[in-house]
Each structure stands twice: as C-alpha cells, then as structure tokens.
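S.K.: Sharing coords-v2.tsv below, TSV, C-alpha atoms:
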chain	number	residue	atom	x	y	z
A	1	MET	CA	18.39	19.43	-67.65
A	2	PHE	CA	15.64	17.20	-69.06
A	3	THR	CA	15.91	13.61	-67.82
A	4	ILE	CA	14.51	10.52	-69.50
A	5	ILE	CA	13.45	7.71	-67.16
A	6	PHE	CA	12.76	4.41	-68.87
A	7	ALA	CA	9.63	2.59	-67.73
A	8	ALA	CA	9.83	-1.13	-67.13
A	9	ASN	CA	6.53	-1.83	-68.90
A	10	ALA	CA	7.49	-0.32	-72.27
A	11	PRO	CA	10.84	-1.10	-73.87
A	12	GLY	CA	12.35	2.06	-75.30
A	13	TRP	CA	9.97	4.32	-73.37
A	14	PRO	CA	9.25	7.17	-73.88
A	15	PHE	CA	10.01	6.56	-77.57
A	16	ASP	CA	8.15	3.24	-77.57
A	17	LEU	CA	6.09	2.87	-80.73
A	18	THR	CA	2.37	2.07	-80.73
A	19	THR	CA	0.74	1.24	-84.06
A	20	LEU	CA	-3.03	1.55	-84.58
A	21	THR	CA	-4.76	0.20	-87.68
A	22	ALA	CA	-8.44	0.54	-88.52
A	23	PRO	CA	-10.37	-2.73	-88.97
A	24	ASP	CA	-10.80	-2.03	-92.71
A	25	LYS	CA	-7.09	-1.14	-93.05
A	26	SER	CA	-8.03	2.33	-94.37
A	27	ILE	CA	-5.73	4.16	-91.96
A	28	THR	CA	-2.67	3.35	-89.84
A	29	ALA	CA	-1.29	5.74	-87.23
A	30	LYS	CA	1.85	5.41	-85.11
A	31	PHE	CA	2.54	7.13	-81.79
A	32	VAL	CA	5.22	7.42	-79.11
A	33	SER	CA	4.74	8.14	-75.42
A	34	PHE	CA	6.95	11.22	-75.58
A	35	GLY	CA	4.45	14.06	-75.92
A	36	ALA	CA	1.72	11.55	-76.84
A	37	THR	CA	3.09	12.28	-80.30
A	38	MET	CA	1.91	10.92	-83.65
A	39	THR	CA	4.95	9.95	-85.71
A	40	GLU	CA	3.42	8.46	-88.88
A	41	LEU	CA	-0.01	8.54	-90.52
A	42	TRP	CA	-0.68	6.32	-93.52
A	43	VAL	CA	-3.78	6.77	-95.69
A	44	GLY	CA	-4.70	5.69	-99.20
A	45	ASP	CA	-4.38	7.90	-102.27
A	46	LYS	CA	-6.37	7.87	-105.52
A	47	PHE	CA	-3.97	5.34	-107.03
A	48	GLY	CA	-4.63	2.78	-104.32
A	49	ASN	CA	-1.27	3.36	-102.62
A	50	PHE	CA	-0.64	4.43	-99.03
A	51	ARG	CA	1.31	7.54	-98.10
A	52	ASP	CA	2.68	8.87	-94.80
A	53	ILE	CA	1.17	12.37	-94.85
A	54	ILE	CA	2.70	13.96	-91.73
A	55	LEU	CA	6.17	15.34	-91.08
A	56	GLY	CA	8.46	13.82	-88.47
A	57	TYR	CA	11.73	12.05	-87.73
A	58	ASP	CA	13.05	8.58	-88.49
A	59	ASP	CA	14.75	8.73	-85.06
A	60	ASN	CA	11.96	9.76	-82.69
A	61	SER	CA	14.38	10.66	-79.91
A	62	LYS	CA	14.95	13.85	-81.88
A	63	LEU	CA	11.56	14.99	-80.61
A	64	LEU	CA	13.58	15.80	-77.48
A	65	THR	CA	17.05	16.53	-78.81
A	66	ASP	CA	16.45	18.54	-82.01
A	67	PRO	CA	17.40	22.13	-81.04
A	68	ALA	CA	15.12	23.51	-83.76
A	69	HIS	CA	12.12	21.96	-81.95
A	70	PRO	CA	9.59	22.28	-84.80
A	71	VAL	CA	6.91	20.56	-82.66
A	72	PHE	CA	6.09	17.61	-84.93
A	73	ASN	CA	2.57	16.31	-84.16
A	74	PRO	CA	2.42	16.14	-80.32
A	75	ILE	CA	-0.15	17.18	-77.76
A	76	VAL	CA	0.84	20.73	-76.79
A	77	GLY	CA	0.13	22.23	-73.34
A	78	ARG	CA	-0.38	23.30	-70.65
A	79	TYR	CA	-1.08	26.41	-72.71
A	80	ALA	CA	-0.59	26.22	-76.48
A	81	ASN	CA	0.49	28.99	-78.83
A	82	ARG	CA	1.86	32.20	-77.28
A	83	ILE	CA	1.64	33.96	-73.92
A	84	LYS	CA	2.64	37.62	-74.01
A	85	ASN	CA	5.75	38.25	-71.89
A	86	GLY	CA	5.25	34.76	-70.44
A	87	THR	CA	3.01	36.39	-67.84
A	88	PHE	CA	-0.63	36.20	-66.79
A	89	SER	CA	-2.80	36.86	-63.75
A	90	ILE	CA	-5.79	35.11	-62.21
A	91	PRO	CA	-8.26	36.81	-62.53
A	92	ILE	CA	-6.96	37.72	-65.98
A	93	THR	CA	-6.00	41.32	-66.82
A	94	ARG	CA	-5.18	43.28	-69.96
A	95	TYR	CA	-1.88	44.61	-68.65
A	96	PRO	CA	0.87	43.02	-66.53
A	97	GLN	CA	0.29	43.32	-62.81
A	98	PRO	CA	2.82	43.82	-60.01
A	99	ASP	CA	4.26	40.56	-58.75
A	100	GLY	CA	2.02	38.88	-56.22
A	101	PRO	CA	0.40	35.54	-55.37
A	102	ASN	CA	-1.95	35.67	-58.38
A	103	VAL	CA	0.65	36.71	-60.96
A	104	PHE	CA	2.48	33.95	-62.82
A	105	HIS	CA	5.64	33.98	-64.91
A	106	ILE	CA	6.30	31.18	-67.40
A	107	PRO	CA	9.80	30.86	-68.94
A	108	THR	CA	9.96	32.70	-72.26
A	109	ASN	CA	11.33	30.81	-75.25
A	110	ASP	CA	10.36	32.82	-78.32
A	111	HIS	CA	11.28	36.13	-79.99
A	112	ASP	CA	14.27	36.82	-77.74
A	113	GLY	CA	12.30	36.42	-74.55
A	114	LEU	CA	9.20	38.42	-75.48
A	115	ASP	CA	6.76	35.53	-75.20
A	116	THR	CA	6.24	31.92	-74.17
A	117	LEU	CA	5.54	29.48	-77.01
A	118	GLN	CA	3.78	26.09	-76.75
A	119	GLY	CA	3.69	25.84	-72.97
A	120	GLY	CA	7.24	26.83	-72.11
A	121	ILE	CA	10.70	25.39	-72.49
A	122	TYR	CA	9.47	21.91	-71.58
A	123	GLY	CA	5.76	21.89	-72.34
A	124	TRP	CA	3.60	18.80	-72.56
A	125	ASP	CA	5.08	17.91	-75.94
A	126	ARG	CA	8.50	17.44	-74.31
A	127	HIS	CA	7.43	15.28	-71.38
A	128	ASN	CA	7.15	11.54	-70.97
A	129	TRP	CA	3.54	10.38	-71.04
A	130	THR	CA	2.59	6.85	-69.96
A	131	ILE	CA	0.17	4.41	-71.57
A	132	THR	CA	-2.89	3.64	-69.43
A	133	ALA	CA	-4.94	1.70	-71.99
A	134	LYS	CA	-4.32	0.21	-75.41
A	135	THR	CA	-6.18	-1.86	-78.01
A	136	ALA	CA	-5.56	-2.56	-81.69
A	137	THR	CA	-7.38	0.67	-82.58
A	138	SER	CA	-6.90	2.96	-79.57
A	139	VAL	CA	-4.25	4.17	-77.13
A	140	THR	CA	-4.60	6.42	-74.07
A	141	TYR	CA	-1.67	8.34	-72.60
A	142	LYS	CA	-1.47	10.04	-69.20
A	143	HIS	CA	0.62	13.00	-68.11
A	144	ILE	CA	0.83	14.62	-64.69
A	145	ASP	CA	1.92	18.24	-64.94
A	146	ALA	CA	3.11	19.02	-61.40
A	147	ALA	CA	3.07	22.82	-61.63
A	148	ASN	CA	5.66	22.60	-64.39
A	149	GLU	CA	7.05	25.75	-66.02
A	150	GLY	CA	5.59	27.91	-63.24
A	151	PHE	CA	1.91	27.28	-63.94
A	152	PRO	CA	-0.30	27.11	-60.84
A	153	GLY	CA	-1.50	23.76	-59.48
A	154	ASN	CA	-1.21	20.25	-60.79
A	155	VAL	CA	-2.94	19.10	-63.97
A	156	THR	CA	-3.64	15.49	-64.87
A	157	ALA	CA	-4.17	15.00	-68.59
A	158	PHE	CA	-5.34	12.00	-70.62
A	159	ALA	CA	-4.92	11.93	-74.41
A	160	THR	CA	-6.68	9.21	-76.39
A	161	HIS	CA	-5.91	8.50	-80.03
A	162	SER	CA	-8.10	6.11	-82.01
A	163	VAL	CA	-8.68	5.00	-85.59
A	164	GLU	CA	-11.89	3.76	-87.21
A	165	SER	CA	-12.95	2.18	-90.48
A	166	GLY	CA	-13.67	4.67	-93.20
A	167	GLY	CA	-10.38	6.52	-92.76
A	168	VAL	CA	-11.04	8.18	-89.39
A	169	LEU	CA	-8.55	9.37	-86.78
A	170	LYS	CA	-9.81	10.81	-83.48
A	171	THR	CA	-7.94	12.49	-80.66
A	172	THR	CA	-9.38	13.65	-77.35
A	173	VAL	CA	-7.77	15.34	-74.37
A	174	HIS	CA	-9.31	15.44	-70.91
A	175	ALA	CA	-7.59	17.45	-68.16
A	176	SER	CA	-8.38	18.19	-64.52
A	177	ALA	CA	-6.62	20.71	-62.27
A	178	THR	CA	-6.08	21.03	-58.52
A	179	GLU	CA	-6.01	24.84	-58.64
A	180	LEU	CA	-7.26	27.58	-60.93
A	181	THR	CA	-5.03	27.58	-64.00
A	182	PRO	CA	-5.18	28.36	-67.71
A	183	ILE	CA	-5.39	25.32	-69.98
A	184	MET	CA	-5.40	25.40	-73.77
A	185	THR	CA	-4.11	22.44	-75.74
A	186	THR	CA	-3.76	21.53	-79.38
A	187	GLN	CA	-2.53	18.70	-81.57
A	188	HIS	CA	0.24	20.27	-83.65
A	189	ILE	CA	0.08	18.15	-86.84
A	190	TYR	CA	2.07	19.11	-89.94
A	191	TRP	CA	0.26	17.94	-93.10
A	192	ASN	CA	1.56	17.27	-96.58
A	193	LEU	CA	-1.08	15.26	-98.41
A	194	ASN	CA	1.25	14.55	-101.34
A	195	ALA	CA	3.95	13.11	-99.06
A	196	PHE	CA	6.58	14.73	-101.33
A	197	GLN	CA	5.65	12.49	-104.28
A	198	GLN	CA	4.82	13.32	-107.91
A	199	GLY	CA	7.40	16.13	-107.87
A	200	SER	CA	5.53	18.08	-105.22
A	201	GLU	CA	7.83	19.79	-102.72
A	202	ASP	CA	5.42	22.09	-100.85
A	203	ILE	CA	1.75	22.59	-99.92
A	204	LEU	CA	1.05	25.66	-102.04
A	205	ASN	CA	-1.00	23.53	-104.44
A	206	HIS	CA	-3.14	22.09	-101.62
A	207	THR	CA	-6.71	23.35	-101.52
A	208	LEU	CA	-7.85	24.75	-98.17
A	209	ARG	CA	-11.20	25.75	-96.73
A	210	VAL	CA	-11.56	27.41	-93.30
A	211	ASP	CA	-15.00	28.23	-91.94
A	212	GLY	CA	-13.84	31.48	-90.39
A	213	ALA	CA	-14.81	35.06	-91.29
A	214	LYS	CA	-12.26	36.69	-89.01
A	215	VAL	CA	-8.71	36.23	-87.78
A	216	ILE	CA	-7.15	37.56	-84.60
A	217	ALA	CA	-5.11	40.70	-85.22
A	218	THR	CA	-1.56	40.38	-83.89
A	219	ASP	CA	1.56	42.48	-83.49
A	220	SER	CA	4.91	41.81	-85.18
A	221	ILE	CA	5.59	38.75	-82.98
A	222	GLN	CA	2.12	37.22	-83.40
A	223	ILE	CA	0.76	38.38	-80.04
A	224	PRO	CA	-2.94	39.37	-80.12
A	225	THR	CA	-3.65	43.10	-79.98
A	226	GLY	CA	-7.37	42.69	-79.25
A	227	PRO	CA	-9.24	43.43	-82.51
A	228	PHE	CA	-10.24	40.98	-85.21
A	229	ILE	CA	-9.59	41.22	-88.94
A	230	GLU	CA	-12.49	40.53	-91.29
A	231	VAL	CA	-11.11	38.13	-93.89
A	232	GLU	CA	-13.36	39.06	-96.81
A	233	GLY	CA	-11.35	40.61	-99.63
A	234	THR	CA	-8.00	39.57	-98.11
A	235	ALA	CA	-5.60	36.65	-98.55
A	236	TYR	CA	-6.93	35.34	-95.21
A	237	ASP	CA	-10.25	34.41	-96.83
A	238	PHE	CA	-10.60	30.64	-97.21
A	239	GLN	CA	-14.35	30.54	-96.61
A	240	LYS	CA	-14.59	29.35	-100.19
A	241	ALA	CA	-12.04	26.63	-100.90
A	242	ARG	CA	-8.97	27.73	-102.87
A	243	GLU	CA	-5.33	26.79	-103.22
A	244	ILE	CA	-3.08	27.92	-100.38
A	245	GLY	CA	-0.73	29.51	-102.92
A	246	ASP	CA	-3.41	31.77	-104.40
A	247	ASN	CA	-2.71	35.45	-103.62
A	248	TRP	CA	0.57	34.23	-102.13
A	249	ASN	CA	2.40	37.51	-102.69
A	250	GLU	CA	-0.17	39.22	-100.46
A	251	THR	CA	0.88	37.07	-97.49
A	252	VAL	CA	4.29	38.70	-97.04
A	253	GLY	CA	4.41	39.78	-93.40
A	254	TYR	CA	1.30	37.85	-92.38
A	255	CYS	CA	3.40	35.50	-90.23
A	256	GLY	CA	5.73	38.26	-89.00
A	257	PRO	CA	8.45	40.50	-90.42
A	258	GLY	CA	10.45	38.78	-93.16
A	259	CYS	CA	8.01	35.87	-93.23
A	260	GLN	CA	5.71	34.86	-96.08
A	261	GLY	CA	2.66	32.71	-95.51
A	262	PHE	CA	0.37	32.13	-92.57
A	263	ASP	CA	0.83	31.76	-88.83
A	264	ASN	CA	-2.55	33.09	-87.85
A	265	CYS	CA	-5.61	32.21	-85.80
A	266	TRP	CA	-9.04	32.02	-87.45
A	267	ILE	CA	-12.21	32.20	-85.34
A	268	TYR	CA	-14.77	29.68	-86.51
A	269	ASN	CA	-18.13	30.93	-87.73
A	270	ASN	CA	-20.01	27.97	-86.28
A	271	ASP	CA	-19.89	25.05	-83.89
A	272	GLU	CA	-17.62	22.75	-85.89
A	273	SER	CA	-18.21	19.59	-83.86
A	274	SER	CA	-20.46	17.99	-86.46
A	275	SER	CA	-19.45	19.68	-89.72
A	276	ALA	CA	-15.93	20.30	-90.94
A	277	GLY	CA	-14.39	23.57	-89.80
A	278	VAL	CA	-11.36	22.91	-92.00
A	279	SER	CA	-10.98	20.91	-95.20
A	280	LEU	CA	-7.71	20.28	-96.98
A	281	TRP	CA	-7.10	18.29	-100.14
A	282	SER	CA	-4.69	17.69	-102.98
A	283	THR	CA	-5.71	16.86	-106.53
A	284	LEU	CA	-2.29	15.27	-107.09
A	285	SER	CA	-2.65	12.52	-104.49
A	286	GLY	CA	-6.43	12.67	-104.36
A	287	ILE	CA	-6.30	12.68	-100.53
A	288	ARG	CA	-8.87	14.83	-98.77
A	289	LEU	CA	-8.97	15.69	-95.06
A	290	ASP	CA	-12.01	17.07	-93.20
A	291	ILE	CA	-11.61	18.14	-89.57
A	292	THR	CA	-14.35	18.50	-86.98
A	293	THR	CA	-13.61	19.82	-83.50
A	294	ASN	CA	-15.11	21.17	-80.29
A	295	GLN	CA	-12.67	24.09	-80.37
A	296	PRO	CA	-13.66	27.67	-81.33
A	297	ALA	CA	-10.54	28.57	-83.34
A	298	VAL	CA	-7.79	27.19	-85.55
A	299	GLN	CA	-4.18	28.25	-86.06
A	300	VAL	CA	-2.86	27.71	-89.59
A	301	TYR	CA	0.92	27.75	-89.97
A	302	THR	CA	2.48	27.20	-93.39
A	303	GLY	CA	5.90	26.30	-92.00
A	304	TYR	CA	8.04	29.24	-93.10
A	305	TRP	CA	10.71	28.53	-90.48
A	306	LEU	CA	11.05	24.78	-91.11
A	307	ASP	CA	14.56	23.46	-91.77
A	308	THR	CA	14.81	19.85	-90.59
A	309	PRO	CA	15.98	16.67	-92.37
A	310	ARG	CA	13.11	14.74	-93.87
A	311	LYS	CA	12.10	11.19	-93.08
A	312	VAL	CA	13.48	8.63	-95.54
A	313	VAL	CA	9.96	8.02	-96.84
A	314	HIS	CA	9.83	11.72	-97.75
A	315	GLY	CA	13.17	11.71	-99.58
A	316	GLY	CA	15.42	12.33	-96.58
A	317	PRO	CA	17.70	12.66	-94.88
A	318	SER	CA	19.68	14.37	-97.65
A	319	LEU	CA	16.70	16.67	-98.26
A	320	ASN	CA	15.20	18.93	-95.61
A	321	TYR	CA	11.70	19.99	-94.73
A	322	THR	CA	11.88	23.70	-95.56
A	323	LYS	CA	9.52	26.65	-95.80
A	324	TRP	CA	6.03	25.71	-96.98
A	325	SER	CA	6.84	21.97	-96.91
A	326	ALA	CA	3.72	21.42	-94.80
A	327	VAL	CA	0.80	23.15	-93.18
A	328	ALA	CA	0.15	22.81	-89.46
A	329	ILE	CA	-3.56	23.04	-88.63
A	330	GLU	CA	-4.03	23.47	-84.89
A	331	GLN	CA	-7.49	23.21	-83.33
A	332	GLU	CA	-7.46	25.38	-80.22
A	333	GLY	CA	-8.99	28.25	-78.27
A	334	TYR	CA	-8.59	31.98	-78.76
A	335	ILE	CA	-4.84	32.56	-78.56
A	336	ASP	CA	-3.53	34.37	-75.48
A	337	ALA	CA	-7.08	34.98	-74.27
A	338	ILE	CA	-5.60	34.92	-70.76
A	339	ASN	CA	-4.14	38.37	-71.51
A	340	THR	CA	-7.08	39.64	-73.55
A	341	PRO	CA	-10.04	39.94	-71.14
A	342	GLU	CA	-12.07	42.11	-73.53
A	343	TRP	CA	-12.93	38.95	-75.49
A	344	GLY	CA	-14.82	37.49	-72.54
A	345	VAL	CA	-13.27	34.06	-73.16
A	346	ASN	CA	-12.80	31.90	-70.07
A	347	GLN	CA	-9.75	29.62	-70.29
A	348	ILE	CA	-9.32	29.21	-66.53
A	349	TYR	CA	-9.99	25.70	-65.24
A	350	GLY	CA	-9.84	24.19	-61.77
A	351	PRO	CA	-11.35	21.69	-59.33
A	352	ASP	CA	-14.88	22.62	-60.41
A	353	ARG	CA	-14.23	22.84	-64.14
A	354	ASN	CA	-12.44	20.25	-66.29
A	355	PHE	CA	-10.94	20.83	-69.72
A	356	GLU	CA	-12.05	18.90	-72.81
A	357	TRP	CA	-10.53	18.95	-76.30
A	358	SER	CA	-11.48	16.77	-79.25
A	359	SER	CA	-10.84	16.63	-82.99
A	360	THR	CA	-11.78	14.13	-85.67
A	361	TYR	CA	-9.84	13.77	-88.92
A	362	LYS	CA	-11.81	12.12	-91.73
A	363	PHE	CA	-9.92	11.05	-94.86
A	364	SER	CA	-11.44	10.35	-98.26
A	365	VAL	CA	-10.29	10.11	-101.86
A	366	ILE	CA	-11.18	12.50	-104.67
A	367	HIS	CA	-10.67	11.71	-108.35
Kindly transcribe the structure held in the file into structure tokens.
M.R.:
Amino acid sequence: MFTIIFAANAPGWPFDLTTLTAPDKSITAKFVSFGATMTELWVGDKFGNFRDIILGYDDNSKLLTDPAHPVFNPIVGRYANRIKNGTFSIPITRYPQPDGPNVFHIPTNDHDGLDTLQGGIYGWDRHNWTITAKTATSVTYKHIDAANEGFPGNVTAFATHSVESGGVLKTTVHASATELTPIMTTQHIYWNLNAFQQGSEDILNHTLRVDGAKVIATDSIQIPTGPFIEVEGTAYDFQKAREIGDNWNETVGYCGPGCQGFDNCWIYNNDESSSAGVSLWSTLSGIRLDITTNQPAVQVYTGYWLDTPRKVVHGGPSLNYTKWSAVAIEQEGYIDAINTPEWGVNQIYGPDRNFEWSSTYKFSVIH
C-alpha cells in the first residue's frame, strides 16, 4: 500500500504547487513534489494569448490514485520505459540468468506481467520528492530511492526545473548510487500545442521533426529485439519535418497489435545538446517547440491508449483525453539496453559513476 506522509514545510505536500515564471513572462510552469511532476505549462500563441500545452489533472492527487496511470509529465525512474521480463543481471546479459546475487527481478506491471514499465509499480513518478531549493524561476526536488522495486543499492536523485526569458524551460536530473545499478530516466511530457482550441482535438496536424535515421526494432510488446530499423522510406521517417498524421494508415501496428500510431524509440543521428533533436509545431496556434538534450535517443508516443478526463482548461471534465490527443516525447537512453549487450551501451552506474540527464525546451511563435 502506498502511503502519503505530509511534510510540515509544505502545506498539501506532496501535491503542493510551485509556480515558476520567467522574468519576461514568456513562460509559466507549475510543478508538484509528487514525482517532481509538471502539471501546467503556459506559453504564448501567435494571437498573443497563453495556452496550457500539456495534459494533466485538475486534481493532482490523481497522479497517485488514477488506476489508468497515464504518467502525466513526471520524472520517470529508476529505469524508464520497459525491462524485458522485469529482469536483468549485472554484468548485463542477453538472456535471463539463473537466480543469484547478481540477478535482479523488478515487479512487472505491463502486458500481463511480461515486462516492467516506467520503473515498476511505484517508480520515481509515484514517490514523494522534497524541495531542497526554490526561487521565482527554479525549483529543485530530491528523492531517495532506497532499493525500491528490487533495484540494487540506494540512489539519490535531484531534479531541477527552471524557466528563462525567451520562452525556455530546462530540466536536469543528477543521480548518484551506492551500488552498481541501472539508471535511465526521462521526463514524460504529453504535448498538445493547440491546447484543444480552434476545433483541434488531436495532434495529427502537428508538424514533427526527429533527427534520427533509425528506430529500435521491437517485438509485439515493444521490447527491443536487437536490430535497428532504417527509417528512410517508412512512416518512421521524420528527418524532414512533416505532419504526424501523414502516412497515418501505415502506422497500424507500429505501437503494438491493434494500435495505430507511434510508441517507438528513435536513435539520434548527432549529439543533440546544442541543436534541436526534436522540433514540434502547430500552424493553428503558431506555437513551436525545439528540444535539445544530452540523451542519445527519444521515445515518441502518440497516446493511443489514453482515456482520462481532461482538465477544465482543455474542455473537461465531460470530455476525455483519448487516442492521439497528445504526443509524449521522452528524451532517454537506448531502451532496455540492460538486456541488449550487443549494443555496447553502458547504463550501469555506481559509486564511481554518476548519472546526468538534461533537456531544454525552447518555445517560439511562427506566423
């Protein structure tokens, strides 16, 4: 049973609201301590009005209690995305090993027990973080993961969110571990740059660019099989910007059996820390988003399985967020690399190796 303990220094903790506004008022972001989660993000459109462009709840306690658990905009960890069979070894191996001191089992919570999703039943997004520093434009949250969900060792994580003039949002995560352990985090933000205005109900008319020439091949439950798929000539190819809904009929099955759209991991072509690895914009609202990151990959999920009441500002609660209502763009590492040693990707951290994650979201207006 998950227990909420209210901290004396923050009324309403862990659903205490922190509001950050850039000095030039170009961007306002709101966060709660639960999961270090962003709950609202307001930016200006081409008409001079502000829109909340991320999904979420009006009652933020539903971040814990909603059984659908769509993972609205938190910091995800200790290991984001999927882990095959909820099992891994250190050193990592391609196939499950007999139980022993270096074999770890994480509770499975996806596809009828075939994998672990987003760090386990109670990953970092479903824990109470505490504020360690706060200004008008920045907040830092701390979480101590005391070998939760069966992961080895303790991990101390700090997540810092900040806003800057010119329509900039930045998030960084720093984590240190007492023992060797896999760490891979992401910020699981659902974007709808129209904010359900102007008669727009989905993100199929959003324009997307992804600087990635290959995606990770997966099986029917989105577990990596080892090879990569070259995107050229397929509906995966967003190297040249195009609408998400282009070639939409070709995406049937891309996100699993009976699913249409994307839930796939692109490998970046370049170091995307200084130039945008992903760009997303809407000609309706005129809002453009460019994302830079220190991560080597990005998961794009077009929300096929969404079915959650909308915020009032998005026309709720009588209307629901449903399939394709938003696109989640998750900056992260190679998914399930801890069970795919042939990639040569090291996601094991420990006393001699800290984990660092950072992403910058730059907003502008197009006319």
S.K.: For a quick check of understanding, using all atoms listed in the file, which of A:Leu204, A:Ala241, A:Ala147, A:Leu63 has the smallest distance to Ala177 of chain A?
M.R.: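 Checking each candidate against Ala177 of chain A, we get A:Ala147 as the closest.
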S.K.: Which residues of segment 157-270 of chain A sit at most 9 Å from segment 138-145 of chain A, using all atoms listed in the file? Give each one's shortest atom pair and distance in Å (one decimal place), in chain and ascending residue order, as JSON lines.
M.R.:
{"residue": "A:Ala157", "atom": "CA", "partner": "A:His143", "partner_atom": "CA", "distance": 5.2}
{"residue": "A:Phe158", "atom": "CA", "partner": "A:Lys142", "partner_atom": "CA", "distance": 4.6}
{"residue": "A:Ala159", "atom": "CA", "partner": "A:Tyr141", "partner_atom": "CA", "distance": 5.2}
{"residue": "A:Thr160", "atom": "CA", "partner": "A:Thr140", "partner_atom": "CA", "distance": 4.2}
{"residue": "A:His161", "atom": "CA", "partner": "A:Val139", "partner_atom": "CA", "distance": 5.5}
{"residue": "A:Ser162", "atom": "CA", "partner": "A:Ser138", "partner_atom": "CA", "distance": 4.2}
{"residue": "A:Val163", "atom": "CA", "partner": "A:Ser138", "partner_atom": "CA", "distance": 6.6}
S.K.: Residues near segment 275-277 of chain A, anyone? I mean within 8 Å using all atoms listed in the file, not counting same-chain ones fewer than 2 positions away, as a PyMOL selection string.
M.R.: chain A and resi 209-212+268+270-273+279+290-293
S.K.: Those same residues, written as a CSV table (one decimal), in the frame of the given file with C-alpha atoms?
M.R.:
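Produced file again06.csv, reproduced below:
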chain,number,residue,atom,x,y,z
A,209,ARG,CA,-11.2,25.8,-96.7
A,210,VAL,CA,-11.6,27.4,-93.3
A,211,ASP,CA,-15.0,28.2,-91.9
A,212,GLY,CA,-13.8,31.5,-90.4
A,268,TYR,CA,-14.8,29.7,-86.5
A,270,ASN,CA,-20.0,28.0,-86.3
A,271,ASP,CA,-19.9,25.0,-83.9
A,272,GLU,CA,-17.6,22.8,-85.9
A,273,SER,CA,-18.2,19.6,-83.9
A,279,SER,CA,-11.0,20.9,-95.2
A,290,ASP,CA,-12.0,17.1,-93.2
A,291,ILE,CA,-11.6,18.1,-89.6
A,292,THR,CA,-14.4,18.5,-87.0
A,293,THR,CA,-13.6,19.8,-83.5
S.K.: Using all atoms listed in the file, can you tell me which of A:Asn148, A:Asn249, A:Gln222, A:Ser359 comes closest to Cys265 of chain A?
M.R.: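 Looking only at the distances to Cys265 of chain A, the closest residue turns out to be A:Gln222.
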S.K.: Take atom CA of Ser176 of chain A and atom CA of Val71 of chain A and report the distance between them in Å, one decimal.
M.R.: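 Value for the atom CA of Ser176 of chain A-atom CA of Val71 of chain A distance: 23.8 Å.
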S.K.: Between A:Arg78, A:Lys30, A:Arg94, A:Lys25, which has the minimum distance to Ile348 of chain A (counting all atoms listed in the file)?
M.R.: A:Arg78
S.K.: Could you please determine the separation between atom CA of Gly315 of chain A and atom CA of Leu289 of chain A in Å, to one decimal place?
M.R.: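 Atom-to-atom, atom CA of Gly315 of chain A to atom CA of Leu289 of chain A, that is 22.9 Å.
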S.K.: Return the single residue from A:Asn73, A:Ser165, A:Gln347, A:Thr207 that is closest to Thr39 of chain A, with distances computed using only C-alpha atoms.
M.R.: A:Asn73
S.K.: Could you check the closest approach to Asn294 of chain A for each of A:Thr156, A:Ser200, A:Thr171, A:Thr18 and tell me which residue wins, using only C-alpha atoms?
M.R.: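 Closest residue, counting only C-alpha atoms: A:Thr171.
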S.K.: Please, what distance in Å, to one decimal, runs between atom CA of Lys240 of chain A and atom CA of Ile189 of chain A?
M.R.: 22.8 Å
S.K.: List as CSV every residue of segment 212-247 of chain A that is in contact with segment 318-333 of chain A, defined as an atom at most 12 Å from one of its atoms (using all atoms listed in the file), together with the nearest atom pair and the distance in Å rounded to one decimal, sorted by chain and then rising number.
M.R.:
residue,atom,partner,partner_atom,distance
A:Ile216,CA,A:Gly333,CA,11.4
A:Ile244,CA,A:Val327,CA,9.5
A:Gly245,CA,A:Trp324,CA,9.8
S.K.: Using all atoms listed in the file for the distances, tell me which of A:Gly350, A:Pro23, A:Gly100, A:Pro67 is nearest to Thr137 of chain A.
M.R.: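 Counting all atoms listed in the file, the residue closest to Thr137 of chain A is A:Pro23.
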S.K.: Determine, counting only C-alpha atoms, which protein, DNA and RNA residues have an atom within 7 Å of an atom of segment 230-238 of chain A; residues of the same chain fewer than 3 positions away are not included. Present the result as a PyMOL selection string.
M.R.: chain A and resi 208-210+213-215+241-242+247+250-251
S.K.: Write out N, CA and C atoms for segment 351-364 of chain A, as a compact mmCIF listing (two decimals), keeping the file's coordinate frame.
M.R.:
# COMPACT_ATOMS: atom_id res chain seq x y z
N PRO A 351 -10.67 22.86 -59.92
CA PRO A 351 -11.35 21.69 -59.33
C PRO A 351 -12.81 21.56 -59.74
N ASP A 352 -13.47 22.66 -60.05
CA ASP A 352 -14.88 22.62 -60.41
C ASP A 352 -15.12 22.72 -61.91
N ARG A 353 -14.06 22.71 -62.70
CA ARG A 353 -14.23 22.84 -64.14
C ARG A 353 -13.10 22.10 -64.85
N ASN A 354 -13.43 21.02 -65.53
CA ASN A 354 -12.44 20.25 -66.29
C ASN A 354 -12.32 20.79 -67.71
N PHE A 355 -11.22 20.42 -68.35
CA PHE A 355 -10.94 20.83 -69.72
C PHE A 355 -11.16 19.66 -70.66
N GLU A 356 -11.81 19.93 -71.81
CA GLU A 356 -12.05 18.90 -72.81
C GLU A 356 -11.67 19.42 -74.19
N TRP A 357 -10.94 18.62 -74.92
CA TRP A 357 -10.53 18.95 -76.30
C TRP A 357 -10.76 17.72 -77.16
N SER A 358 -11.31 17.91 -78.35
CA SER A 358 -11.48 16.77 -79.25
C SER A 358 -11.43 17.24 -80.70
N SER A 359 -10.87 16.39 -81.55
CA SER A 359 -10.84 16.63 -82.99
C SER A 359 -10.93 15.30 -83.71
N THR A 360 -11.64 15.31 -84.83
CA THR A 360 -11.78 14.13 -85.67
C THR A 360 -11.30 14.46 -87.07
N TYR A 361 -10.45 13.58 -87.60
CA TYR A 361 -9.84 13.77 -88.92
C TYR A 361 -10.38 12.67 -89.83
N LYS A 362 -11.17 13.07 -90.83
CA LYS A 362 -11.81 12.12 -91.73
C LYS A 362 -11.14 12.22 -93.11
N PHE A 363 -10.63 11.08 -93.58
CA PHE A 363 -9.92 11.05 -94.86
C PHE A 363 -10.80 10.38 -95.93
N SER A 364 -10.73 10.92 -97.13
CA SER A 364 -11.44 10.35 -98.26
C SER A 364 -10.58 10.56 -99.50
